[in-house]
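> Hey, dropping input.pdb in here, PDB, C-alpha atoms, pLDDT in the B column:
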ATOM      1  CA  MET A 268     132.907 108.098  97.672  1.00 59.00           C
ATOM      2  CA  LYS A 269     133.178 110.479 100.609  1.00 83.00           C
ATOM      3  CA  VAL A 270     133.617 107.758 103.173  1.00 90.00           C
ATOM      4  CA  ARG A 271     137.119 106.660 104.215  1.00 94.00           C
ATOM      5  CA  ILE A 272     136.878 102.942 104.957  1.00 98.00           C
ATOM      6  CA  ARG A 273     139.696 101.259 106.868  1.00 98.00           C
ATOM      7  CA  LYS A 274     138.134  97.821 106.986  1.00 98.00           C
ATOM      8  CA  ILE A 275     135.047  95.843 106.003  1.00 98.00           C
ATOM      9  CA  ALA A 276     133.984  92.658 107.795  1.00 98.00           C
ATOM     10  CA  ILE A 277     131.174  90.300 106.858  1.00 98.00           C
ATOM     11  CA  HIS A 278     129.751  87.606 109.105  1.00 98.00           C
ATOM     12  CA  VAL A 279     127.108  85.002 108.251  1.00 98.00           C
ATOM     13  CA  GLU A 280     125.346  83.011 110.952  1.00 97.00           C
ATOM     14  CA  GLU A 281     123.254  79.885 110.245  1.00 97.00           C
ATOM     15  CA  THR A 282     121.201  78.050 112.842  1.00 98.00           C
ATOM     16  CA  HIS A 283     120.721  74.367 111.983  1.00 98.00           C
ATOM     17  CA  ILE A 284     119.588  73.013 115.365  1.00 98.00           C
ATOM     18  CA  GLU A 285     117.711  74.749 118.182  1.00 97.00           C
ATOM     19  CA  MET A 286     116.630  72.967 121.383  1.00 97.00           C
ATOM     20  CA  GLY A 287     117.512  69.656 119.766  1.00 97.00           C
ATOM     21  CA  ARG A 288     115.216  70.283 116.803  1.00 97.00           C
ATOM     22  CA  GLU A 289     116.449  70.503 113.236  1.00 98.00           C
ATOM     23  CA  ILE A 290     115.828  73.844 111.556  1.00 97.00           C
ATOM     24  CA  SER A 291     115.206  73.226 107.875  1.00 96.00           C
ATOM     25  CA  PRO A 292     115.961  75.332 106.051  1.00 95.00           C
ATOM     26  CA  PRO A 293     118.369  76.900 108.557  1.00 97.00           C
ATOM     27  CA  THR A 294     117.712  80.474 109.671  1.00 97.00           C
ATOM     28  CA  ARG A 295     120.395  82.777 108.312  1.00 98.00           C
ATOM     29  CA  LYS A 296     121.612  86.258 109.215  1.00 98.00           C
ATOM     30  CA  ALA A 297     124.365  88.313 107.628  1.00 98.00           C
ATOM     31  CA  VAL A 298     125.991  91.384 109.111  1.00 98.00           C
ATOM     32  CA  ALA A 299     128.338  93.614 107.133  1.00 98.00           C
ATOM     33  CA  ALA A 300     130.336  96.260 108.968  1.00 98.00           C
ATOM     34  CA  ALA A 301     132.580  99.079 107.844  1.00 98.00           C
ATOM     35  CA  VAL A 302     135.165 100.779 110.017  1.00 98.00           C
ATOM     36  CA  ILE A 303     135.316 104.378 108.863  1.00 98.00           C
ATOM     37  CA  ALA A 304     137.173 107.540 109.766  1.00 98.00           C
ATOM     38  CA  ASN A 305     135.017 109.954 111.762  1.00 98.00           C
ATOM     39  CA  PRO A 306     135.555 113.329 110.060  1.00 97.00           C
ATOM     40  CA  PHE A 307     134.298 115.142 113.179  1.00 98.00           C
ATOM     41  CA  ALA A 308     136.219 113.246 115.846  1.00 98.00           C
ATOM     42  CA  GLY A 309     137.482 115.431 118.650  1.00 97.00           C
ATOM     43  CA  ALA A 310     135.557 118.600 117.808  1.00 94.00           C
ATOM     44  CA  TYR A 311     131.952 119.796 117.920  1.00 97.00           C
ATOM     45  CA  GLN A 312     130.432 120.214 114.448  1.00 97.00           C
ATOM     46  CA  GLU A 313     126.996 121.767 113.991  1.00 98.00           C
ATOM     47  CA  ASP A 314     126.426 120.592 110.417  1.00 98.00           C
ATOM     48  CA  LEU A 315     126.511 116.792 110.234  1.00 98.00           C
ATOM     49  CA  SER A 316     125.439 116.520 106.592  1.00 97.00           C
ATOM     50  CA  GLU A 317     128.752 114.897 105.610  1.00 97.00           C
ATOM     51  CA  LEU A 318     127.978 111.983 107.944  1.00 97.00           C
ATOM     52  CA  MET A 319     124.447 111.791 106.543  1.00 97.00           C
ATOM     53  CA  ASP A 320     125.864 111.414 103.020  1.00 97.00           C
ATOM     54  CA  ILE A 321     128.259 108.743 104.283  1.00 98.00           C
ATOM     55  CA  GLY A 322     125.243 106.921 105.698  1.00 98.00           C
ATOM     56  CA  ALA A 323     123.665 106.784 102.242  1.00 97.00           C
ATOM     57  CA  GLU A 324     126.859 105.332 100.755  1.00 97.00           C
ATOM     58  CA  LEU A 325     127.118 102.724 103.494  1.00 98.00           C
ATOM     59  CA  GLY A 326     123.448 101.731 103.311  1.00 98.00           C
ATOM     60  CA  GLU A 327     123.916 100.683  99.708  1.00 97.00           C
ATOM     61  CA  LEU A 328     127.363  99.117 100.117  1.00 98.00           C
ATOM     62  CA  LEU A 329     126.665  97.147 103.299  1.00 98.00           C
ATOM     63  CA  GLY A 330     123.117  96.164 102.320  1.00 98.00           C
ATOM     64  CA  ASN A 331     124.353  94.745  99.022  1.00 98.00           C
ATOM     65  CA  ARG A 332     127.184  92.923 100.801  1.00 98.00           C
ATOM     66  CA  CYS A 333     124.715  91.252 103.190  1.00 98.00           C
ATOM     67  CA  VAL A 334     122.443  90.088 100.380  1.00 98.00           C
ATOM     68  CA  ALA A 335     125.449  88.751  98.461  1.00 98.00           C
ATOM     69  CA  ALA A 336     126.801  86.976 101.558  1.00 98.00           C
ATOM     70  CA  LEU A 337     123.472  85.205 102.020  1.00 98.00           C
ATOM     71  CA  GLY A 338     123.441  84.260  98.337  1.00 98.00           C
ATOM     72  CA  ILE A 339     119.826  85.362  97.914  1.00 98.00           C
ATOM     73  CA  LYS A 340     117.858  87.629  95.623  1.00 98.00           C
ATOM     74  CA  PRO A 341     117.036  91.007  97.232  1.00 98.00           C
ATOM     75  CA  SER A 342     113.345  90.051  97.291  1.00 96.00           C
ATOM     76  CA  GLU A 343     114.178  86.995  99.454  1.00 97.00           C
ATOM     77  CA  ALA A 344     115.472  89.143 102.331  1.00 98.00           C
ATOM     78  CA  GLU A 345     112.942  89.171 105.176  1.00 97.00           C
ATOM     79  CA  SER A 346     114.571  91.240 107.945  1.00 98.00           C
ATOM     80  CA  PHE A 347     116.968  94.110 108.285  1.00 98.00           C
ATOM     81  CA  GLY A 348     118.622  96.347 110.853  1.00 98.00           C
ATOM     82  CA  LYS A 349     121.400  98.885 111.352  1.00 98.00           C
ATOM     83  CA  ALA A 350     123.745 100.027 114.118  1.00 98.00           C
ATOM     84  CA  ALA A 351     126.768 102.237 114.715  1.00 98.00           C
ATOM     85  CA  MET A 352     129.389 102.533 117.439  1.00 98.00           C
ATOM     86  CA  VAL A 353     131.483 105.697 117.692  1.00 98.00           C
ATOM     87  CA  GLY A 354     134.949 105.707 119.186  1.00 98.00           C
ATOM     88  CA  GLU A 355     135.735 107.839 122.230  1.00 97.00           C
ATOM     89  CA  ALA A 356     136.583 110.981 120.222  1.00 98.00           C
ATOM     90  CA  GLY A 357     133.125 110.975 118.647  1.00 98.00           C
ATOM     91  CA  GLU A 358     129.620 111.486 119.962  1.00 97.00           C
ATOM     92  CA  LEU A 359     126.367 109.578 119.710  1.00 97.00           C
ATOM     93  CA  GLU A 360     124.956 112.181 117.354  1.00 98.00           C
ATOM     94  CA  HIS A 361     127.598 111.126 114.816  1.00 98.00           C
ATOM     95  CA  ALA A 362     126.129 107.606 114.867  1.00 98.00           C
ATOM     96  CA  ALA A 363     122.616 109.046 114.550  1.00 98.00           C
ATOM     97  CA  ALA A 364     123.638 111.181 111.565  1.00 98.00           C
ATOM     98  CA  ILE A 365     124.947 108.122 109.742  1.00 98.00           C
ATOM     99  CA  LEU A 366     121.997 105.872 110.557  1.00 98.00           C
ATOM    100  CA  HIS A 367     118.865 107.953 110.276  1.00 95.00           C
ATOM    101  CA  PRO A 368     118.406 110.539 107.581  1.00 93.00           C
ATOM    102  CA  LYS A 369     119.796 108.719 104.528  1.00 97.00           C
ATOM    103  CA  LEU A 370     120.995 105.150 105.208  1.00 98.00           C
ATOM    104  CA  GLY A 371     117.514 103.595 105.074  1.00 97.00           C
ATOM    105  CA  ALA A 372     116.547 104.291 101.441  1.00 97.00           C
ATOM    106  CA  PRO A 373     119.587 102.597  99.869  1.00 98.00           C
ATOM    107  CA  LEU A 374     119.274  99.694 102.311  1.00 98.00           C
ATOM    108  CA  ARG A 375     115.621  99.264 101.298  1.00 97.00           C
ATOM    109  CA  LYS A 376     116.708  99.195  97.655  1.00 97.00           C
ATOM    110  CA  ALA A 377     119.289  96.492  98.473  1.00 97.00           C
ATOM    111  CA  VAL A 378     116.568  94.273  99.996  1.00 97.00           C
ATOM    112  CA  GLU A 379     113.817  95.256  97.542  1.00 94.00           C
ATOM    113  CA  LYS A 380     111.057  97.232  99.232  1.00 89.00           C
ATOM    114  CA  GLY A 381     111.324  97.508 103.029  1.00 91.00           C
ATOM    115  CA  ALA A 382     108.163  99.364 104.046  1.00 93.00           C
ATOM    116  CA  SER A 383     108.957  99.040 107.759  1.00 95.00           C
ATOM    117  CA  LEU A 384     111.197 101.319 109.812  1.00 95.00           C
ATOM    118  CA  VAL A 385     114.718  99.919 110.004  1.00 97.00           C
ATOM    119  CA  PRO A 386     115.464  98.950 113.636  1.00 98.00           C
ATOM    120  CA  SER A 387     118.620 100.628 114.901  1.00 98.00           C
ATOM    121  CA  SER A 388     120.988 101.043 117.800  1.00 98.00           C
ATOM    122  CA  LYS A 389     123.844 103.368 118.517  1.00 98.00           C
ATOM    123  CA  LYS A 390     126.499 103.474 121.197  1.00 97.00           C
ATOM    124  CA  MET A 391     129.925 104.731 122.121  1.00 98.00           C
ATOM    125  CA  GLY A 392     132.574 102.059 122.463  1.00 98.00           C
ATOM    126  CA  SER A 393     136.127 100.918 122.137  1.00 97.00           C
ATOM    127  CA  PRO A 394     138.031  98.297 120.125  1.00 98.00           C
ATOM    128  CA  GLY A 395     136.640  94.807 120.578  1.00 98.00           C
ATOM    129  CA  GLN A 396     133.364  95.898 122.144  1.00 98.00           C
ATOM    130  CA  VAL A 397     130.249  94.107 120.882  1.00 98.00           C
ATOM    131  CA  LEU A 398     127.808  96.031 118.703  1.00 98.00           C
ATOM    132  CA  ASP A 399     124.272  94.625 118.730  1.00 98.00           C
ATOM    133  CA  VAL A 400     122.326  95.081 115.503  1.00 98.00           C
ATOM    134  CA  PRO A 401     118.551  94.717 115.996  1.00 98.00           C
ATOM    135  CA  LEU A 402     116.516  92.985 113.307  1.00 98.00           C
ATOM    136  CA  GLY A 403     112.880  93.381 112.311  1.00 98.00           C
ATOM    137  CA  HIS A 404     110.713  92.284 109.383  1.00 97.00           C
ATOM    138  CA  LYS A 405     111.486  94.548 106.436  1.00 97.00           C
ATOM    139  CA  ASP A 406     107.866  95.138 105.431  1.00 96.00           C
ATOM    140  CA  ALA A 407     105.729  94.660 108.542  1.00 95.00           C
ATOM    141  CA  ALA A 408     106.938  95.735 111.978  1.00 95.00           C
ATOM    142  CA  TYR A 409     104.262  93.661 113.754  1.00 95.00           C
ATOM    143  CA  VAL A 410     105.711  90.323 112.609  1.00 97.00           C
ATOM    144  CA  ARG A 411     106.992  89.136 116.005  1.00 96.00           C
ATOM    145  CA  SER A 412     108.803  86.085 114.634  1.00 97.00           C
ATOM    146  CA  HIS A 413     111.337  88.467 113.107  1.00 97.00           C
ATOM    147  CA  PHE A 414     112.139  90.489 116.273  1.00 97.00           C
ATOM    148  CA  ASP A 415     115.753  89.413 116.554  1.00 97.00           C
ATOM    149  CA  GLY A 416     119.316  90.640 116.472  1.00 97.00           C
ATOM    150  CA  VAL A 417     122.865  89.789 115.563  1.00 98.00           C
ATOM    151  CA  GLU A 418     126.138  91.043 116.967  1.00 97.00           C
ATOM    152  CA  ILE A 419     129.526  91.931 115.602  1.00 98.00           C
ATOM    153  CA  SER A 420     132.813  92.890 117.199  1.00 98.00           C
ATOM    154  CA  LEU A 421     136.198  93.654 115.711  1.00 98.00           C
ATOM    155  CA  ASN A 422     139.269  93.436 117.906  1.00 98.00           C
ATOM    156  CA  ASP A 423     140.725  96.695 116.558  1.00 98.00           C
ATOM    157  CA  ALA A 424     137.633  98.857 116.051  1.00 98.00           C
ATOM    158  CA  PRO A 425     136.385 101.392 116.621  1.00 98.00           C
ATOM    159  CA  ARG A 426     139.523 103.351 117.422  1.00 98.00           C
ATOM    160  CA  ALA A 427     139.061 106.770 119.015  1.00 98.00           C
ATOM    161  CA  GLY A 428     138.580 108.610 115.722  1.00 98.00           C
ATOM    162  CA  GLU A 429     136.494 105.949 114.002  1.00 98.00           C
ATOM    163  CA  ILE A 430     132.937 104.715 113.663  1.00 98.00           C
ATOM    164  CA  LEU A 431     131.939 101.073 113.263  1.00 98.00           C
ATOM    165  CA  VAL A 432     128.820 100.980 111.076  1.00 98.00           C
ATOM    166  CA  ALA A 433     126.892  97.739 110.599  1.00 98.00           C
ATOM    167  CA  VAL A 434     123.936  96.587 108.527  1.00 98.00           C
ATOM    168  CA  ALA A 435     122.248  93.220 109.012  1.00 98.00           C
ATOM    169  CA  VAL A 436     119.940  91.243 106.732  1.00 98.00           C
ATOM    170  CA  ALA A 437     118.217  87.917 107.417  1.00 98.00           C
ATOM    171  CA  ASP A 438     116.418  85.542 105.093  1.00 98.00           C
ATOM    172  CA  SER A 439     114.052  84.340 107.839  1.00 97.00           C
ATOM    173  CA  GLY A 440     112.849  84.988 111.362  1.00 96.00           C
ATOM    174  CA  ARG A 441     114.002  83.343 114.589  1.00 97.00           C
ATOM    175  CA  PRO A 442     114.229  79.563 114.705  1.00 96.00           C
ATOM    176  CA  LEU A 443     111.120  77.929 116.199  1.00 96.00           C
ATOM    177  CA  PRO A 444     109.046  81.134 116.649  1.00 95.00           C
ATOM    178  CA  ARG A 445     105.935  80.664 118.788  1.00 94.00           C
ATOM    179  CA  VAL A 446     104.960  83.931 120.456  1.00 94.00           C
ATOM    180  CA  GLY A 447     101.988  84.496 118.165  1.00 93.00           C
ATOM    181  CA  GLY A 448     100.963  87.593 116.307  1.00 91.00           C
ATOM    182  CA  LEU A 449     101.025  88.423 112.622  1.00 92.00           C
ATOM    183  CA  THR A 450     102.985  85.899 110.560  1.00 91.00           C
ATOM    184  CA  ALA A 451     105.320  86.757 107.707  1.00 90.00           C
ATOM    185  CA  ALA A 452     102.946  84.976 105.312  1.00 89.00           C
ATOM    186  CA  GLU A 453     100.032  87.173 106.501  1.00 91.00           C
ATOM    187  CA  ALA A 454     101.957  90.464 106.227  1.00 89.00           C
ATOM    188  CA  GLU A 455     100.779  92.848 103.534  1.00 88.00           C
ATOM    189  CA  GLY A 456     103.663  95.303 103.808  1.00 87.00           C
ATOM    190  CA  LYS A 457     101.623  98.334 102.806  1.00 85.00           C
ATOM    191  CA  ASP A 458     101.845 100.540 105.910  1.00 88.00           C
ATOM    192  CA  GLY A 459     105.115  99.221 107.342  1.00 87.00           C
ATOM    193  CA  LEU A 460     103.244  97.807 110.327  1.00 91.00           C
ATOM    194  CA  ARG A 461     101.050  94.946 109.092  1.00 90.00           C
TER
END
Could you express the structure from this file as structure tokens?


Amino acid sequence: MKVRIRKIAIHVEETHIEMGREISPPTRKAVAAAVIANPFAGAYQEDLSELMDIGAELGELLGNRCVAALGIKPSEAESFGKAAMVGEAGELEHAAAILHPKLGAPLRKAVEKGASLVPSSKKMGSPGQVLDVPLGHKDAAYVRSHFDGVEISLNDAPRAGEILVAVAVADSGRPLPRVGGLTAAEAEGKDGLR
């Protein structure tokens, strides 16, 4: 493993009641985050391939942790997302290097398939700041019921020379969805859109 991990945190959120209505089964989201050393903190680096390789490692590790935290089979995952927050000695491109070129394929393997683009966000922040992780249907981006998100914050991360990297997986869409559009049951998952 190339990545230097200081800490891993896993959070599971279940919604049982929404607007006074019982949600059965409850909607569930898991987010797994790793606090890692930023090898390029404090200095400009042209070649970011080391961060890209770290992204691949974290996609597998964090994706598997989310699925395990939900207690589901990979095929039962319906949504996914990713996000990264760099500390003040880093730059947004460091977050992009982790998230985009290589993190997606191992995350897709962790949730079995995943034809859709993985929604993502990146930001610069400080310890305790909230990182929002967007969620979308793993196989069909047009499934509106699965446009969602989950947040994570750690009181001591990211420090200046660190990156907080998070992956989220959900076993359902939002509770009580009713904005129309393609449903999860109608999705074919062939083109990543429908």

> Mind listing whatever residues come within 7 Å of the point (133.1, 106.9, 122.9)? Use all atoms listed in the file, file coordinates, and give them as a ChimeraX atom specification.

/A:353-358,391-393

> Convert the current residue selection to file output with C-alpha atoms, as a PDB file, in the frame of the given file.


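Listing of result08.pdb after writing:
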ATOM      1  CA  VAL A 353     131.483 105.697 117.692  1.00 98.00           C
ATOM      2  CA  GLY A 354     134.949 105.707 119.186  1.00 98.00           C
ATOM      3  CA  GLU A 355     135.735 107.839 122.230  1.00 97.00           C
ATOM      4  CA  ALA A 356     136.583 110.981 120.222  1.00 98.00           C
ATOM      5  CA  GLY A 357     133.125 110.975 118.647  1.00 98.00           C
ATOM      6  CA  GLU A 358     129.620 111.486 119.962  1.00 97.00           C
ATOM      7  CA  MET A 391     129.925 104.731 122.121  1.00 98.00           C
ATOM      8  CA  GLY A 392     132.574 102.059 122.463  1.00 98.00           C
ATOM      9  CA  SER A 393     136.127 100.918 122.137  1.00 97.00           C
TER      10      SER A 393
END

> To one decimal place, how far is CA of His413 (chain A) from CA of Ser439 (chain A) in Å?

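Distance reported for this atom pair: 7.2 Å.
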
> Which value, in Å to one decimal, gives the distance between CA of Ala351 (chain A) and CA of Ile430 (chain A)?

6.7 Å

> Apply the PyMOL selection byres ((chain A and resi 425) around 9) to the file shown and report the selected residues as a VMD selection string.

chain A and resid 302 to 303 352 to 355 392 to 396 421 to 424 426 to 431

> For the residues selected in the previous step, produce a file with C-alpha atoms as a PDB file, in the frame of the given file.


ATOM      1  CA  VAL A 302     135.165 100.779 110.017  1.00 98.00           C
ATOM      2  CA  ILE A 303     135.316 104.378 108.863  1.00 98.00           C
ATOM      3  CA  MET A 352     129.389 102.533 117.439  1.00 98.00           C
ATOM      4  CA  VAL A 353     131.483 105.697 117.692  1.00 98.00           C
ATOM      5  CA  GLY A 354     134.949 105.707 119.186  1.00 98.00           C
ATOM      6  CA  GLU A 355     135.735 107.839 122.230  1.00 97.00           C
ATOM      7  CA  GLY A 392     132.574 102.059 122.463  1.00 98.00           C
ATOM      8  CA  SER A 393     136.127 100.918 122.137  1.00 97.00           C
ATOM      9  CA  PRO A 394     138.031  98.297 120.125  1.00 98.00           C
ATOM     10  CA  GLY A 395     136.640  94.807 120.578  1.00 98.00           C
ATOM     11  CA  GLN A 396     133.364  95.898 122.144  1.00 98.00           C
ATOM     12  CA  LEU A 421     136.198  93.654 115.711  1.00 98.00           C
ATOM     13  CA  ASN A 422     139.269  93.436 117.906  1.00 98.00           C
ATOM     14  CA  ASP A 423     140.725  96.695 116.558  1.00 98.00           C
ATOM     15  CA  ALA A 424     137.633  98.857 116.051  1.00 98.00           C
ATOM     16  CA  ARG A 426     139.523 103.351 117.422  1.00 98.00           C
ATOM     17  CA  ALA A 427     139.061 106.770 119.015  1.00 98.00           C
ATOM     18  CA  GLY A 428     138.580 108.610 115.722  1.00 98.00           C
ATOM     19  CA  GLU A 429     136.494 105.949 114.002  1.00 98.00           C
ATOM     20  CA  ILE A 430     132.937 104.715 113.663  1.00 98.00           C
ATOM     21  CA  LEU A 431     131.939 101.073 113.263  1.00 98.00           C
TER      22      LEU A 431
END

> Please provide as a list in words all residues within 10 Å of Ile284 (chain A), with the sequence filter that same-chain residues fewer than 2 positions apart are discarded (counting all atoms listed in the file).

Glu281, Thr282, Met286, Gly287, Arg288, Glu289, Ile290, Ser291, Pro293, Thr294, Pro442 and Leu443 of chain A

> Given only C-alpha atoms as the basis, pick out the residue of A:Glu343, A:Glu313, A:Asp406, A:Glu360 nearest to Asp458 (chain A).

A:Asp406

> Which value, in Å to one decimal, gives the distance between CA of Leu449 (chain A) and CA of Lys349 (chain A)?

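Between CA of Leu449 (chain A) and CA of Lys349 (chain A) the gap is 22.9 Å.
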
> Would you mind telling me which residue in A:Ala301, A:Val334, A:Ala362, A:Val397 lies nearest to Leu318 (chain A) when using only C-alpha atoms?

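Checking each candidate against Leu318 (chain A), we get A:Ala362 as the closest.
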
> Starting from the PyMOL selection byres ((chain A and resi 401) around 8), expand the selection into actual residues of this file and give them as a ChimeraX atom specification.

/A:347-350,386-388,399-400,402-403,414-417

> What lies within 10 Å of Ser342 (chain A) using only C-alpha atoms, ignoring chain neighbours under 3 positions off, as a tab-separated table (two decimals) with C-alpha atoms, in the coordinates of the input?


chain	number	residue	atom	x	y	z
A	334	VAL	CA	122.44	90.09	100.38
A	339	ILE	CA	119.83	85.36	97.91
A	345	GLU	CA	112.94	89.17	105.18
A	376	LYS	CA	116.71	99.20	97.66
A	377	ALA	CA	119.29	96.49	98.47
A	378	VAL	CA	116.57	94.27	100.00
A	379	GLU	CA	113.82	95.26	97.54
A	380	LYS	CA	111.06	97.23	99.23
A	381	GLY	CA	111.32	97.51	103.03
A	438	ASP	CA	116.42	85.54	105.09

> Which residue gives the smallest distance to Ala382 (chain A) among A:Arg271, A:Lys340, A:Arg461, A:Arg441, with only C-alpha atoms counted?

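Closest candidate: A:Arg461.
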
> Let me know the residues the PyMOL selection byres ((chain A and resi 407) around 8) catches in the file above, as JSON, numbers by chain.

{"A": [382, 383, 404, 405, 406, 408, 409, 410, 451, 454, 455, 456, 457, 458, 459, 460, 461]}

> From the options A:Val434, A:Ala336, A:Val270, A:Ile275, which residue's atoms come nearest to Arg375 (chain A), counting all atoms listed in the file?

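Residue with the minimum atom-to-atom distance to Arg375 (chain A): A:Val434.
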